[in-house]
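Okay, so here's the structure we're looking at.
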Amino acid sequence: MLLSLGAWQLQRGDEKAALNTAIDTRLSAQPQSLAKGAVKPDDLQIYTPVRMLGYYTDEYHLLDNRTRNGRVGYEVLQIFVSAHQRWLVNRGWVEAPPQRDQLPDISWPLAAKVITGFLYPTQKTAEGARFTNARRIQQLDSAFAGSLELAQPQWSIRLSADSDTALVTDWQLINSPPERHRAYATQWFAMAAALVILWLSAATSLPQLLRKQ
């Protein structure tokens with residue numbers, strides 16, 4: 001059983017490595033324009049790099065309970081208008097003030113800007129859930145996105161670190177790296193080896209033979 005668990009973790013590590021390669025390949029592609037008619041909605045894919053010219057509105061929300069390096073904060077979700085279309089842009093992370101009843105000050109340029117980033121899907125809303133119009137929100141889901149009159153409410157744009165309007169990005173693209181699964185596999189194999197050694201010591205005469213030598 002332990003050997004099977006170790007082999008399963010190795011398989012998961014290979015799958016995550018392949019996923020990492022696919023993500024890197026997609027992110028390194030030429031950024032696409034999301035102007036109306038430039039790309040079909042059905043052709044949009046997660047991690048597709050994009051570049052847009054437009055401007056930020058004063059509509060923003062704070063995605064709660066986001067951490068960076070052990071510090072609690074928010075991710076800033078702001079409306080960006082490009083070619084008369086509204087898009088939801090995740091500008092990145094800001095640290096939360098010491099007091100819960102305080103919100104961080106968010107600034108943005110008033111002039112037109114070029115932003116670069118990649119597409120990331122919004123979560124599906126749980127059945128029966130409703131969005132309440134508040135500055136601080138708990139999750140980026142379809143109920144929230146559907147209330148914003150977006151061109152594509154099923155997608156948000158996560159800014160890349162080199163966008164001058166980006167905050168702290170440091171996006172976690174997959175939930176666990178291949179190295180973690182390989183480390184788990186090593187632990188399972190080590191436990192299997194330890195059990196074999198214990199069995200040899202308890203159920204065979206190998207220890208006596210070794211002592212005689």
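Labeling convention for the structure tokens: chains A, B, ... as they appear, residues from 1 per chain, ligands from 1 in order of appearance.
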Discussion item. Using DSSP secondary structure from the backbone, list all alpha helix (DSSP H) positions within range 8-167 of chain A, as a ChimeraX atom specification.
Written reply: /A:8-27,142-146
Mind dumping the selected residues with N, CA and C atoms as a PDB file, in the first residue's frame?
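To be explicit, this is the file written out as selection-v6.pdb:
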```pdb
ATOM      1  N   TRP A   8       1.760   6.815  -6.690  1.00  0.00           N
ATOM      2  CA  TRP A   8       0.709   7.790  -7.008  1.00  0.00           C
ATOM      3  C   TRP A   8       1.222   9.220  -6.882  1.00  0.00           C
ATOM      4  N   GLN A   9       2.016   9.476  -5.837  1.00  0.00           N
ATOM      5  CA  GLN A   9       2.581  10.818  -5.670  1.00  0.00           C
ATOM      6  C   GLN A   9       3.564  11.157  -6.786  1.00  0.00           C
ATOM      7  N   LEU A  10       4.345  10.187  -7.251  1.00  0.00           N
ATOM      8  CA  LEU A  10       5.229  10.423  -8.387  1.00  0.00           C
ATOM      9  C   LEU A  10       4.422  10.767  -9.638  1.00  0.00           C
ATOM     10  N   GLN A  11       3.299  10.060  -9.821  1.00  0.00           N
ATOM     11  CA  GLN A  11       2.436  10.353 -10.969  1.00  0.00           C
ATOM     12  C   GLN A  11       1.868  11.761 -10.863  1.00  0.00           C
ATOM     13  N   ARG A  12       1.433  12.150  -9.655  1.00  0.00           N
ATOM     14  CA  ARG A  12       0.911  13.503  -9.463  1.00  0.00           C
ATOM     15  C   ARG A  12       1.998  14.544  -9.725  1.00  0.00           C
ATOM     16  N   GLY A  13       3.222  14.251  -9.336  1.00  0.00           N
ATOM     17  CA  GLY A  13       4.323  15.165  -9.594  1.00  0.00           C
ATOM     18  C   GLY A  13       4.565  15.345 -11.080  1.00  0.00           C
ATOM     19  N   ASP A  14       4.494  14.246 -11.833  1.00  0.00           N
ATOM     20  CA  ASP A  14       4.660  14.333 -13.290  1.00  0.00           C
ATOM     21  C   ASP A  14       3.528  15.148 -13.913  1.00  0.00           C
ATOM     22  N   GLU A  15       2.301  14.959 -13.409  1.00  0.00           N
ATOM     23  CA  GLU A  15       1.168  15.728 -13.929  1.00  0.00           C
ATOM     24  C   GLU A  15       1.352  17.222 -13.657  1.00  0.00           C
ATOM     25  N   LYS A  16       1.812  17.576 -12.441  1.00  0.00           N
ATOM     26  CA  LYS A  16       2.020  18.984 -12.123  1.00  0.00           C
ATOM     27  C   LYS A  16       3.161  19.569 -12.949  1.00  0.00           C
ATOM     28  N   ALA A  17       4.199  18.770 -13.220  1.00  0.00           N
ATOM     29  CA  ALA A  17       5.296  19.254 -14.052  1.00  0.00           C
ATOM     30  C   ALA A  17       4.813  19.534 -15.477  1.00  0.00           C
ATOM     31  N   ALA A  18       3.968  18.640 -15.997  1.00  0.00           N
ATOM     32  CA  ALA A  18       3.407  18.862 -17.333  1.00  0.00           C
ATOM     33  C   ALA A  18       2.508  20.089 -17.350  1.00  0.00           C
ATOM     34  N   LEU A  19       1.743  20.286 -16.271  1.00  0.00           N
ATOM     35  CA  LEU A  19       0.881  21.463 -16.182  1.00  0.00           C
ATOM     36  C   LEU A  19       1.709  22.741 -16.120  1.00  0.00           C
ATOM     37  N   ASN A  20       2.801  22.707 -15.358  1.00  0.00           N
ATOM     38  CA  ASN A  20       3.694  23.865 -15.290  1.00  0.00           C
ATOM     39  C   ASN A  20       4.246  24.224 -16.665  1.00  0.00           C
ATOM     40  N   THR A  21       4.638  23.195 -17.415  1.00  0.00           N
ATOM     41  CA  THR A  21       5.174  23.425 -18.759  1.00  0.00           C
ATOM     42  C   THR A  21       4.112  24.050 -19.659  1.00  0.00           C
ATOM     43  N   ALA A  22       2.879  23.536 -19.577  1.00  0.00           N
ATOM     44  CA  ALA A  22       1.786  24.082 -20.394  1.00  0.00           C
ATOM     45  C   ALA A  22       1.490  25.529 -20.024  1.00  0.00           C
ATOM     46  N   ILE A  23       1.500  25.845 -18.721  1.00  0.00           N
ATOM     47  CA  ILE A  23       1.251  27.216 -18.271  1.00  0.00           C
ATOM     48  C   ILE A  23       2.353  28.142 -18.766  1.00  0.00           C
ATOM     49  N   ASP A  24       3.615  27.718 -18.615  1.00  0.00           N
ATOM     50  CA  ASP A  24       4.733  28.551 -19.061  1.00  0.00           C
ATOM     51  C   ASP A  24       4.670  28.803 -20.560  1.00  0.00           C
ATOM     52  N   THR A  25       4.294  27.766 -21.316  1.00  0.00           N
ATOM     53  CA  THR A  25       4.186  27.923 -22.763  1.00  0.00           C
ATOM     54  C   THR A  25       3.108  28.929 -23.120  1.00  0.00           C
ATOM     55  N   ARG A  26       1.964  28.831 -22.450  1.00  0.00           N
ATOM     56  CA  ARG A  26       0.855  29.740 -22.758  1.00  0.00           C
ATOM     57  C   ARG A  26       1.184  31.170 -22.344  1.00  0.00           C
ATOM     58  N   LEU A  27       1.797  31.342 -21.171  1.00  0.00           N
ATOM     59  CA  LEU A  27       2.108  32.685 -20.693  1.00  0.00           C
ATOM     60  C   LEU A  27       3.193  33.360 -21.525  1.00  0.00           C
ATOM     61  N   SER A 142     -19.337  34.180  -9.952  1.00  0.00           N
ATOM     62  CA  SER A 142     -20.171  34.612 -11.074  1.00  0.00           C
ATOM     63  C   SER A 142     -21.276  35.572 -10.637  1.00  0.00           C
ATOM     64  N   ALA A 143     -21.756  35.465  -9.396  1.00  0.00           N
ATOM     65  CA  ALA A 143     -22.779  36.398  -8.918  1.00  0.00           C
ATOM     66  C   ALA A 143     -22.204  37.803  -8.823  1.00  0.00           C
ATOM     67  N   PHE A 144     -20.998  37.920  -8.263  1.00  0.00           N
ATOM     68  CA  PHE A 144     -20.344  39.212  -8.169  1.00  0.00           C
ATOM     69  C   PHE A 144     -20.024  39.754  -9.565  1.00  0.00           C
ATOM     70  N   ALA A 145     -19.379  38.946 -10.405  1.00  0.00           N
ATOM     71  CA  ALA A 145     -18.991  39.406 -11.740  1.00  0.00           C
ATOM     72  C   ALA A 145     -20.212  39.770 -12.578  1.00  0.00           C
ATOM     73  N   GLY A 146     -21.304  39.027 -12.421  1.00  0.00           N
ATOM     74  CA  GLY A 146     -22.500  39.291 -13.202  1.00  0.00           C
ATOM     75  C   GLY A 146     -23.176  40.594 -12.847  1.00  0.00           C
TER      76      GLY A 146
END
```
Worksheet item: Could you name the residues that touch Leu159 in chain A at 10 Å or less, counting only C-alpha atoms, but leaving out those on the same chain fewer than 6 positions away, as a ChimeraX atom specification?
Response: /A:49-51,89-92,115-119,165-169,171
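Minimum atom-to-atom distance to Tyr55 in chain A, evaluated using only C-alpha atoms, belongs to A:Leu88 out of A:Ile137, A:Val94, A:Leu5, A:Leu88.
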Item to complete: Just list the residues in range 99-207 of chain A DSSP gives strand (DSSP E) on the backbone, as JSON, numbers by chain.
Response: {"A": [113, 114, 115, 116, 117, 118, 119, 120, 121, 136, 137, 155, 156, 157, 158, 159]}
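Nearest residue to Gln154 in chain A, choosing from A:Gln138, A:Gln172, A:Gln45, A:Gln78 and counting only C-alpha atoms: A:Gln45.
Restricting the calculation to only C-alpha atoms, the smallest distance between Thr186 in chain A and any of A:Gly70, A:Pro109, A:Gly6, A:Gly54 is found for A:Gly6.
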Discussion item. Under the rule that only C-alpha atoms are counted, which of A:Tyr74, A:Phe189, A:Trp199, A:Trp87 is the nearest residue to Ala151 in chain A?
Written reply: A:Trp87
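CA of Thr67 in chain A lies 27.4 Å from CA of Arg86 in chain A.
Here CA of Pro31 in chain A is placed at a distance of 29.1 Å from CA of Thr125 in chain A.
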Discussion item. List the spatial neighbours of Thr57 in chain A as a list in words - criterion: any atom at most 8 Å away, only C-alpha atoms, same-chain residues fewer than 4 positions off excluded.
Written reply: Gln78, Ile79, Phe80 and Val81 of chain A
